[in-house]
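Undergrad: Provided below: protein09.pdb, containing PDB, C-alpha atoms.
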```
ATOM      1  CA  MET R   1    -192.503  60.158 -12.246
ATOM      2  CA  ASP R   2    -193.123  59.169  -8.613
ATOM      3  CA  LYS R   3    -189.852  60.329  -7.110
ATOM      4  CA  VAL R   4    -186.670  62.218  -8.023
ATOM      5  CA  ARG R   5    -183.321  60.647  -7.196
ATOM      6  CA  ALA R   6    -181.051  63.037  -5.277
ATOM      7  CA  LYS R   7    -177.984  63.962  -7.352
ATOM      8  CA  LYS R   8    -174.734  64.420  -5.462
ATOM      9  CA  HIS R   9    -173.194  66.847  -8.001
ATOM     10  CA  LEU R  10    -176.154  69.203  -7.462
ATOM     11  CA  GLY R  11    -175.821  68.974  -3.666
ATOM     12  CA  GLN R  12    -179.397  67.706  -3.367
ATOM     13  CA  HIS R  13    -180.768  66.732   0.046
ATOM     14  CA  PHE R  14    -184.558  66.578  -0.154
ATOM     15  CA  LEU R  15    -186.513  67.807   2.859
ATOM     16  CA  ILE R  16    -188.947  65.096   4.008
ATOM     17  CA  ASP R  17    -190.420  66.661   7.162
ATOM     18  CA  GLU R  18    -193.769  68.425   6.601
ATOM     19  CA  SER R  19    -193.655  70.461   9.819
ATOM     20  CA  ILE R  20    -190.183  71.882   9.052
ATOM     21  CA  ALA R  21    -191.295  72.745   5.504
ATOM     22  CA  LYS R  22    -194.302  74.633   6.866
ATOM     23  CA  GLN R  23    -192.139  76.421   9.457
ATOM     24  CA  ILE R  24    -189.749  77.603   6.721
ATOM     25  CA  ALA R  25    -192.627  78.752   4.494
ATOM     26  CA  ASP R  26    -194.041  80.732   7.425
ATOM     27  CA  THR R  27    -190.789  82.665   7.964
ATOM     28  CA  LEU R  28    -191.718  85.089   5.174
ATOM     29  CA  ARG R  29    -193.593  88.176   6.377
ATOM     30  CA  LEU R  30    -195.084  88.845   2.897
ATOM     31  CA  GLU R  31    -194.646  92.628   3.187
ATOM     32  CA  GLY R  32    -193.634  94.878   0.300
ATOM     33  CA  TYR R  33    -193.856  92.317  -2.512
ATOM     34  CA  ASN R  34    -196.361  90.108  -4.348
ATOM     35  CA  LYS R  35    -193.989  87.448  -5.683
ATOM     36  CA  ILE R  36    -191.896  84.676  -4.122
ATOM     37  CA  LEU R  37    -189.023  82.851  -5.804
ATOM     38  CA  GLU R  38    -188.052  79.465  -4.382
ATOM     39  CA  ILE R  39    -184.552  78.285  -5.317
ATOM     40  CA  GLY R  40    -184.075  74.525  -5.784
ATOM     41  CA  PRO R  41    -187.564  73.199  -4.925
ATOM     42  CA  GLY R  42    -186.695  69.561  -5.714
ATOM     43  CA  MET R  43    -189.916  67.596  -5.213
ATOM     44  CA  GLY R  44    -191.848  70.566  -3.838
ATOM     45  CA  MET R  45    -191.953  69.799  -0.095
ATOM     46  CA  LEU R  46    -191.613  73.529   0.695
ATOM     47  CA  THR R  47    -193.356  74.665  -2.515
ATOM     48  CA  LYS R  48    -196.747  73.220  -1.538
ATOM     49  CA  TYR R  49    -196.881  75.517   1.512
ATOM     50  CA  LEU R  50    -195.746  78.548  -0.508
ATOM     51  CA  LEU R  51    -198.546  77.937  -3.034
ATOM     52  CA  ASP R  52    -201.056  78.480  -0.194
ATOM     53  CA  LYS R  53    -199.738  82.001   0.413
ATOM     54  CA  PRO R  54    -201.586  85.084  -0.947
ATOM     55  CA  VAL R  55    -198.712  85.883  -3.337
ATOM     56  CA  GLU R  56    -197.527  84.496  -6.674
ATOM     57  CA  THR R  57    -194.979  81.663  -6.309
ATOM     58  CA  PHE R  58    -192.238  80.972  -8.858
ATOM     59  CA  VAL R  59    -189.472  78.379  -8.662
ATOM     60  CA  VAL R  60    -186.059  78.108 -10.293
ATOM     61  CA  GLU R  61    -184.740  74.560 -10.672
ATOM     62  CA  ILE R  62    -181.647  73.371 -12.561
ATOM     63  CA  ASP R  63    -182.504  69.646 -12.300
ATOM     64  CA  ARG R  64    -184.606  68.494 -15.289
ATOM     65  CA  ASP R  65    -186.056  65.511 -13.377
ATOM     66  CA  SER R  66    -187.323  67.836 -10.652
ATOM     67  CA  VAL R  67    -188.872  70.152 -13.271
ATOM     68  CA  VAL R  68    -190.813  67.209 -14.757
ATOM     69  CA  PHE R  69    -191.921  66.123 -11.266
ATOM     70  CA  LEU R  70    -193.084  69.642 -10.298
ATOM     71  CA  ASN R  71    -194.998  70.112 -13.558
ATOM     72  CA  THR R  72    -196.727  66.770 -13.003
ATOM     73  CA  HIS R  73    -197.618  67.170  -9.322
ATOM     74  CA  TYR R  74    -198.205  70.934  -8.965
ATOM     75  CA  PRO R  75    -200.510  72.271 -11.709
ATOM     76  CA  LYS R  76    -200.461  75.707  -9.997
ATOM     77  CA  LEU R  77    -196.786  75.967 -11.004
ATOM     78  CA  HIS R  78    -197.446  75.771 -14.754
ATOM     79  CA  ASN R  79    -195.649  78.742 -16.415
ATOM     80  CA  HIS R  80    -194.061  79.527 -13.028
ATOM     81  CA  ILE R  81    -191.032  77.226 -13.300
ATOM     82  CA  PHE R  82    -187.694  78.585 -14.526
ATOM     83  CA  SER R  83    -185.617  75.593 -15.629
ATOM     84  CA  GLU R  84    -182.375  77.497 -15.120
ATOM     85  CA  ASP R  85    -179.262  77.935 -12.985
ATOM     86  CA  PHE R  86    -180.143  80.729 -10.533
ATOM     87  CA  LEU R  87    -176.537  81.980 -10.457
ATOM     88  CA  ARG R  88    -176.428  82.529 -14.251
ATOM     89  CA  PHE R  89    -180.037  83.475 -14.920
ATOM     90  CA  ASP R  90    -181.404  87.017 -15.462
ATOM     91  CA  ILE R  91    -184.016  86.599 -12.755
ATOM     92  CA  THR R  92    -185.005  90.274 -12.442
ATOM     93  CA  SER R  93    -186.148  90.364 -16.092
ATOM     94  CA  ALA R  94    -188.042  87.089 -15.586
ATOM     95  CA  MET R  95    -189.831  88.707 -12.620
ATOM     96  CA  ASN R  96    -190.658  91.828 -14.702
ATOM     97  CA  GLN R  97    -188.373  94.053 -12.573
ATOM     98  CA  GLU R  98    -190.853  93.688  -9.685
ATOM     99  CA  GLN R  99    -190.041  93.185  -5.995
ATOM    100  CA  PHE R 100    -189.833  89.533  -4.907
ATOM    101  CA  ALA R 101    -188.752  87.473  -1.893
ATOM    102  CA  ILE R 102    -186.293  84.576  -2.087
ATOM    103  CA  ILE R 103    -186.751  81.370  -0.117
ATOM    104  CA  GLY R 104    -185.380  77.853  -0.276
ATOM    105  CA  ASN R 105    -183.669  74.830   1.153
ATOM    106  CA  PHE R 106    -180.461  75.942  -0.546
ATOM    107  CA  PRO R 107    -177.882  73.517  -2.001
ATOM    108  CA  TYR R 108    -174.972  73.893   0.435
ATOM    109  CA  ASN R 109    -172.327  73.888  -2.304
ATOM    110  CA  ILE R 110    -173.633  77.198  -3.748
ATOM    111  CA  SER R 111    -175.375  78.771  -0.739
ATOM    112  CA  THR R 112    -172.877  81.611  -0.193
ATOM    113  CA  GLN R 113    -172.962  82.404  -3.942
ATOM    114  CA  ILE R 114    -176.760  82.674  -3.668
ATOM    115  CA  VAL R 115    -176.310  85.238  -0.871
ATOM    116  CA  PHE R 116    -173.781  87.269  -2.893
ATOM    117  CA  LYS R 117    -176.113  87.287  -5.920
ATOM    118  CA  THR R 118    -178.934  88.454  -3.617
ATOM    119  CA  LEU R 119    -176.736  91.343  -2.449
ATOM    120  CA  GLU R 120    -176.129  92.303  -6.099
ATOM    121  CA  LEU R 121    -179.896  92.236  -6.765
ATOM    122  CA  ARG R 122    -180.919  93.771  -3.423
ATOM    123  CA  ALA R 123    -182.904  96.584  -5.111
ATOM    124  CA  PHE R 124    -185.441  93.883  -6.057
ATOM    125  CA  ILE R 125    -185.282  91.608  -2.965
ATOM    126  CA  PRO R 126    -186.810  93.065   0.241
ATOM    127  CA  GLU R 127    -186.860  89.730   2.077
ATOM    128  CA  PHE R 128    -184.896  86.486   1.987
ATOM    129  CA  SER R 129    -185.229  83.384   4.121
ATOM    130  CA  GLY R 130    -184.235  79.763   4.001
ATOM    131  CA  MET R 131    -182.024  76.917   5.083
ATOM    132  CA  PHE R 132    -178.229  76.745   4.989
ATOM    133  CA  GLN R 133    -175.556  74.591   6.531
ATOM    134  CA  LYS R 134    -175.769  75.663  10.197
ATOM    135  CA  GLU R 135    -172.276  77.223  10.319
ATOM    136  CA  VAL R 136    -172.964  79.344   7.227
ATOM    137  CA  ALA R 137    -176.314  80.553   8.581
ATOM    138  CA  GLN R 138    -174.629  81.500  11.874
ATOM    139  CA  ARG R 139    -171.819  83.283  10.038
ATOM    140  CA  ILE R 140    -174.284  85.423   8.071
ATOM    141  CA  CYS R 141    -176.034  86.481  11.302
ATOM    142  CA  GLU R 142    -172.941  86.748  13.541
ATOM    143  CA  LYS R 143    -172.075  90.010  15.308
ATOM    144  CA  LYS R 144    -168.564  91.450  15.650
ATOM    145  CA  GLY R 145    -166.035  90.062  18.110
ATOM    146  CA  THR R 146    -166.217  86.345  17.297
ATOM    147  CA  LYS R 147    -164.300  83.891  15.100
ATOM    148  CA  ALA R 148    -167.403  83.220  12.984
ATOM    149  CA  TYR R 149    -167.775  86.929  12.131
ATOM    150  CA  GLY R 150    -166.247  87.615   8.737
ATOM    151  CA  ILE R 151    -166.666  88.788   5.142
ATOM    152  CA  LEU R 152    -170.106  87.191   4.729
ATOM    153  CA  SER R 153    -171.350  88.722   8.008
ATOM    154  CA  VAL R 154    -170.246  92.284   7.201
ATOM    155  CA  LEU R 155    -171.320  92.378   3.548
ATOM    156  CA  THR R 156    -174.751  90.880   4.257
ATOM    157  CA  GLN R 157    -175.418  93.052   7.312
ATOM    158  CA  ALA R 158    -174.450  96.176   5.387
ATOM    159  CA  PHE R 159    -177.710  95.837   3.451
ATOM    160  CA  TYR R 160    -179.963  93.471   5.437
ATOM    161  CA  GLU R 161    -181.108  92.918   9.021
ATOM    162  CA  THR R 162    -180.232  89.263   9.663
ATOM    163  CA  GLU R 163    -181.835  86.855  12.125
ATOM    164  CA  TYR R 164    -180.951  83.226  12.910
ATOM    165  CA  LEU R 165    -184.301  81.494  13.490
ATOM    166  CA  PHE R 166    -183.840  77.786  14.289
ATOM    167  CA  THR R 167    -181.627  74.722  13.858
ATOM    168  CA  VAL R 168    -182.663  71.669  11.827
ATOM    169  CA  SER R 169    -181.500  68.075  12.374
ATOM    170  CA  GLU R 170    -179.824  65.950   9.678
ATOM    171  CA  THR R 171    -182.615  63.365   9.980
ATOM    172  CA  VAL R 172    -185.283  65.436   8.189
ATOM    173  CA  PHE R 173    -183.549  65.031   4.801
ATOM    174  CA  SER R 174    -183.154  62.281   2.248
ATOM    175  CA  PRO R 175    -180.307  61.562   1.908
ATOM    176  CA  PRO R 176    -179.286  63.085   5.285
ATOM    177  CA  PRO R 177    -176.379  65.570   5.067
ATOM    178  CA  LYS R 178    -173.393  65.153   7.389
ATOM    179  CA  VAL R 179    -174.076  68.477   9.134
ATOM    180  CA  LYS R 180    -176.893  70.273  10.922
ATOM    181  CA  SER R 181    -178.782  73.014   9.107
ATOM    182  CA  GLY R 182    -179.908  76.470  10.181
ATOM    183  CA  VAL R 183    -182.811  78.637   9.010
ATOM    184  CA  LEU R 184    -182.413  82.409   8.834
ATOM    185  CA  ARG R 185    -184.333  85.454   7.680
ATOM    186  CA  MET R 186    -182.924  88.616   6.105
ATOM    187  CA  LYS R 187    -184.942  91.831   5.838
ATOM    188  CA  ARG R 188    -183.604  94.568   3.577
ATOM    189  CA  LYS R 189    -182.721  97.792   5.365
ATOM    190  CA  GLU R 190    -184.751 100.869   4.499
ATOM    191  CA  ASN R 191    -181.597 102.556   3.280
ATOM    192  CA  TYR R 192    -179.750  99.818   1.415
ATOM    193  CA  SER R 193    -177.157 101.989  -0.309
ATOM    194  CA  LEU R 194    -173.964 102.852   1.556
ATOM    195  CA  PRO R 195    -172.611 106.371   2.310
ATOM    196  CA  CYS R 196    -169.285 105.354   0.771
ATOM    197  CA  ASP R 197    -167.872 103.870  -2.425
ATOM    198  CA  GLU R 198    -169.491 100.398  -2.376
ATOM    199  CA  LYS R 199    -166.906  98.722  -4.584
ATOM    200  CA  ARG R 200    -164.135  99.997  -2.329
ATOM    201  CA  PHE R 201    -166.129  98.934   0.759
ATOM    202  CA  PHE R 202    -166.196  95.345  -0.558
ATOM    203  CA  THR R 203    -162.443  95.514  -1.275
ATOM    204  CA  VAL R 204    -161.610  96.862   2.199
ATOM    205  CA  VAL R 205    -163.717  94.206   3.970
ATOM    206  CA  LYS R 206    -162.320  91.316   1.902
ATOM    207  CA  THR R 207    -158.702  92.521   2.161
ATOM    208  CA  ALA R 208    -158.988  93.012   5.936
ATOM    209  CA  PHE R 209    -160.412  89.539   6.595
ATOM    210  CA  ASN R 210    -157.965  87.791   4.270
ATOM    211  CA  GLN R 211    -155.422  88.306   7.080
ATOM    212  CA  ARG R 212    -157.851  88.404   9.969
ATOM    213  CA  ARG R 213    -155.278  87.793  12.726
ATOM    214  CA  LYS R 214    -153.365  90.937  11.843
ATOM    215  CA  THR R 215    -154.289  94.487  12.761
ATOM    216  CA  LEU R 216    -155.746  96.602   9.965
ATOM    217  CA  ARG R 217    -152.448  98.492   9.819
ATOM    218  CA  ASN R 218    -150.825  95.303   8.515
ATOM    219  CA  SER R 219    -153.691  93.583   6.722
ATOM    220  CA  LEU R 220    -154.474  96.658   4.573
ATOM    221  CA  LYS R 221    -150.835  97.328   3.584
ATOM    222  CA  SER R 222    -151.547  96.358  -0.020
ATOM    223  CA  LEU R 223    -153.850  99.392  -0.348
ATOM    224  CA  ASN R 224    -150.794 101.707  -0.090
ATOM    225  CA  LEU R 225    -152.257 103.957   2.595
ATOM    226  CA  SER R 226    -150.471 107.109   3.697
ATOM    227  CA  GLU R 227    -148.503 107.108   6.957
ATOM    228  CA  GLU R 228    -150.790 109.856   8.219
ATOM    229  CA  LEU R 229    -153.904 107.740   7.679
ATOM    230  CA  ARG R 230    -152.334 104.603   9.168
ATOM    231  CA  ALA R 231    -151.732 106.568  12.386
ATOM    232  CA  ASP R 232    -155.518 106.641  12.957
ATOM    233  CA  GLU R 233    -156.469 104.542  16.015
ATOM    234  CA  ILE R 234    -158.883 102.383  14.007
ATOM    235  CA  PHE R 235    -155.839 100.709  12.407
ATOM    236  CA  ASN R 236    -154.915  99.223  15.799
ATOM    237  CA  LEU R 237    -157.969  96.961  15.557
ATOM    238  CA  ARG R 238    -158.371  93.546  13.946
ATOM    239  CA  PRO R 239    -161.158  93.170  11.358
ATOM    240  CA  GLU R 240    -163.491  91.138  13.606
ATOM    241  CA  GLN R 241    -163.546  94.086  16.051
ATOM    242  CA  LEU R 242    -165.265  96.368  13.504
ATOM    243  CA  ASP R 243    -169.010  96.476  12.886
ATOM    244  CA  VAL R 244    -170.563  97.578   9.573
ATOM    245  CA  GLU R 245    -170.602 101.269  10.553
ATOM    246  CA  GLN R 246    -166.884 101.189  11.394
ATOM    247  CA  PHE R 247    -166.077  99.520   8.054
ATOM    248  CA  ILE R 248    -168.033 102.297   6.324
ATOM    249  CA  TYR R 249    -166.051 104.902   8.303
ATOM    250  CA  LEU R 250    -162.807 103.127   7.375
ATOM    251  CA  THR R 251    -163.770 103.094   3.678
ATOM    252  CA  GLN R 252    -164.608 106.819   3.799
ATOM    253  CA  LYS R 253    -161.212 107.561   5.385
ATOM    254  CA  ILE R 254    -159.371 105.499   2.760
ATOM    255  CA  THR R 255    -161.297 107.255  -0.044
ATOM    256  CA  ALA R 256    -160.427 110.668   1.403
ATOM    257  CA  ASP R 257    -156.788 109.537   1.560
ATOM    258  CA  GLY R 258    -156.821 109.543  -2.238
ATOM    259  CA  ILE R 259    -156.525 105.823  -2.987
TER     260      ILE R 259
END
```
Spit out the file's structure as structure tokens when you get a sec.
TA:
Amino acid sequence: MDKVRAKKHLGQHFLIDESIAKQIADTLRLEGYNKILEIGPGMGMLTKYLLDKPVETFVVEIDRDSVVFLNTHYPKLHNHIFSEDFLRFDITSAMNQEQFAIIGNFPYNISTQIVFKTLELRAFIPEFSGMFQKEVAQRICEKKGTKAYGILSVLTQAFYETEYLFTVSETVFSPPPKVKSGVLRMKRKENYSLPCDEKRFFTVVKTAFNQRRKTLRNSLKSLNLSEELRADEIFNLRPEQLDVEQFIYLTQKITADGI
């Protein structure tokens, strides 16, 4: 097989620019792990640069045609290809419960789900980097006080230091997407557990941003908070005015309120 045809239902846009592929591969610092997992390698434009790194490279690819292509063109990948759907696959068992980094030119239609699965598996993933639709990459890295700051920003930054690295033009893909792309890096925080009930933290953040124009006093009404708690000054704020630490404080207060 000389080439894989991009499949629309899989959101495939193959990277065709060697210099961008190398730049993305070089975003990983290679500290604290000996394995890399690339999600959606396609025809291996990024993979070839990862295989030069002094760590073991694995790939997970749902497209059977791409799996055949990779097996044919990259002998180093033999027994290192998971022909699976990353979102439904028990990847930590496949990686022997060892630490590993995630990298990829992520399919835009599932990119936020990839981030949420990474947060679930954060005990195994010290570093994460790759390419998203530009707006999504910016949202993940955004700080409080802007329209782009939201659920994805807070939940990711609760566990990872995030950094927007560079923007990528539509022209370096085949077929070209209709939007620009952005490359980011996430480095897991030393303390990646929260000093509050994590499930409740997720609920508070999501509930607050579901009515982001309202103050927390109104947007969190469904949590049945006491009048005494709702008198706290933090409830005068809108969700985009709170950073991660303030959301943790808010969650602690709500927990103490007996919800």
Undergrad: For R:Phe116, work out the shell of residues within 12 Å, counting only C-alpha atoms and skipping chain neighbours fewer than 3 positions away, then give it as a list in words.
TA: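 So, after excluding close chain neighbours, the residues are Phe86, Leu87, Ile110, Ser111, Thr112, Gln113, Leu119, Glu120, Leu121, Arg122, Ile140, Ile151, Leu152, Ser153, Val154, Leu155, Thr156, Gln157, Phe159 and Phe202 of chain R.
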Undergrad: Can you give me, as JSON, numbers by chain, the residues this file yields under the PyMOL selection byres ((chain R and resi 138) around 12)?
TA: {"R": [131, 132, 133, 134, 135, 136, 137, 139, 140, 141, 142, 143, 146, 147, 148, 149, 150, 152, 153, 162, 163, 164, 165, 166, 167, 180, 181, 182, 183, 184, 185]}
Undergrad: Just checking: using only C-alpha atoms, which residue out of R:Leu250, R:Ile36, R:Cys196, R:Leu225 ends up closest to R:Ser129?
TA: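 Between R:Leu250, R:Ile36, R:Cys196, R:Leu225, the residue approaching R:Ser129 most closely is R:Ile36.
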Undergrad: Of the residues R:Asn210, R:Ala94, R:Tyr108, R:Glu31, which is the one nearest to R:Lys178, using all atoms listed in the file?
TA: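 Looking at the shortest contact to R:Lys178, the residue is R:Tyr108.
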Undergrad: Between R:Asp90, R:Leu194, R:Leu28, R:Phe106, which is the closest to R:Gly42 once you count all atoms listed in the file?
TA: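 Using all atoms listed in the file, R:Gly42 sits closest to R:Phe106.
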Undergrad: I'd like the residues picked by the PyMOL selection byres ((chain R and resi 14) around 6) written out as a count of residues only, using the chain letters and numbers from the file.
TA: 4
Undergrad: Could you please determine the separation between atom CA of R:Ala256 and atom CA of R:Asp197 in Å, to one decimal place?
TA: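 A separation of 10.8 Å between them.
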Undergrad: Pick out the residues sitting within 7 Å of R:Val60, and hand them over as a PyMOL selection string; count all atoms listed in the file, and ignore anything fewer than 6 positions along from it in its own chain.
TA: chain R and resi 38-40+81-84+86
Undergrad: I'd like the contact shell of R:Gln23 - 10 Å cut-off, only C-alpha atoms, skipping same-chain residues fewer than 3 positions apart - returned as a PyMOL selection string.
TA: chain R and resi 18-20+26-28+46+49+166+183
Undergrad: What would the file look like if the residues just selected were written as a PDB file, in the frame of the given file with C-alpha atoms?
TA:
```
ATOM      1  CA  GLU R  18    -193.769  68.425   6.601  1.00  0.00           C
ATOM      2  CA  SER R  19    -193.655  70.461   9.819  1.00  0.00           C
ATOM      3  CA  ILE R  20    -190.183  71.882   9.052  1.00  0.00           C
ATOM      4  CA  ASP R  26    -194.041  80.732   7.425  1.00  0.00           C
ATOM      5  CA  THR R  27    -190.789  82.665   7.964  1.00  0.00           C
ATOM      6  CA  LEU R  28    -191.718  85.089   5.174  1.00  0.00           C
ATOM      7  CA  LEU R  46    -191.613  73.529   0.695  1.00  0.00           C
ATOM      8  CA  TYR R  49    -196.881  75.517   1.512  1.00  0.00           C
ATOM      9  CA  PHE R 166    -183.840  77.786  14.289  1.00  0.00           C
ATOM     10  CA  VAL R 183    -182.811  78.637   9.010  1.00  0.00           C
TER      11      VAL R 183
END
```
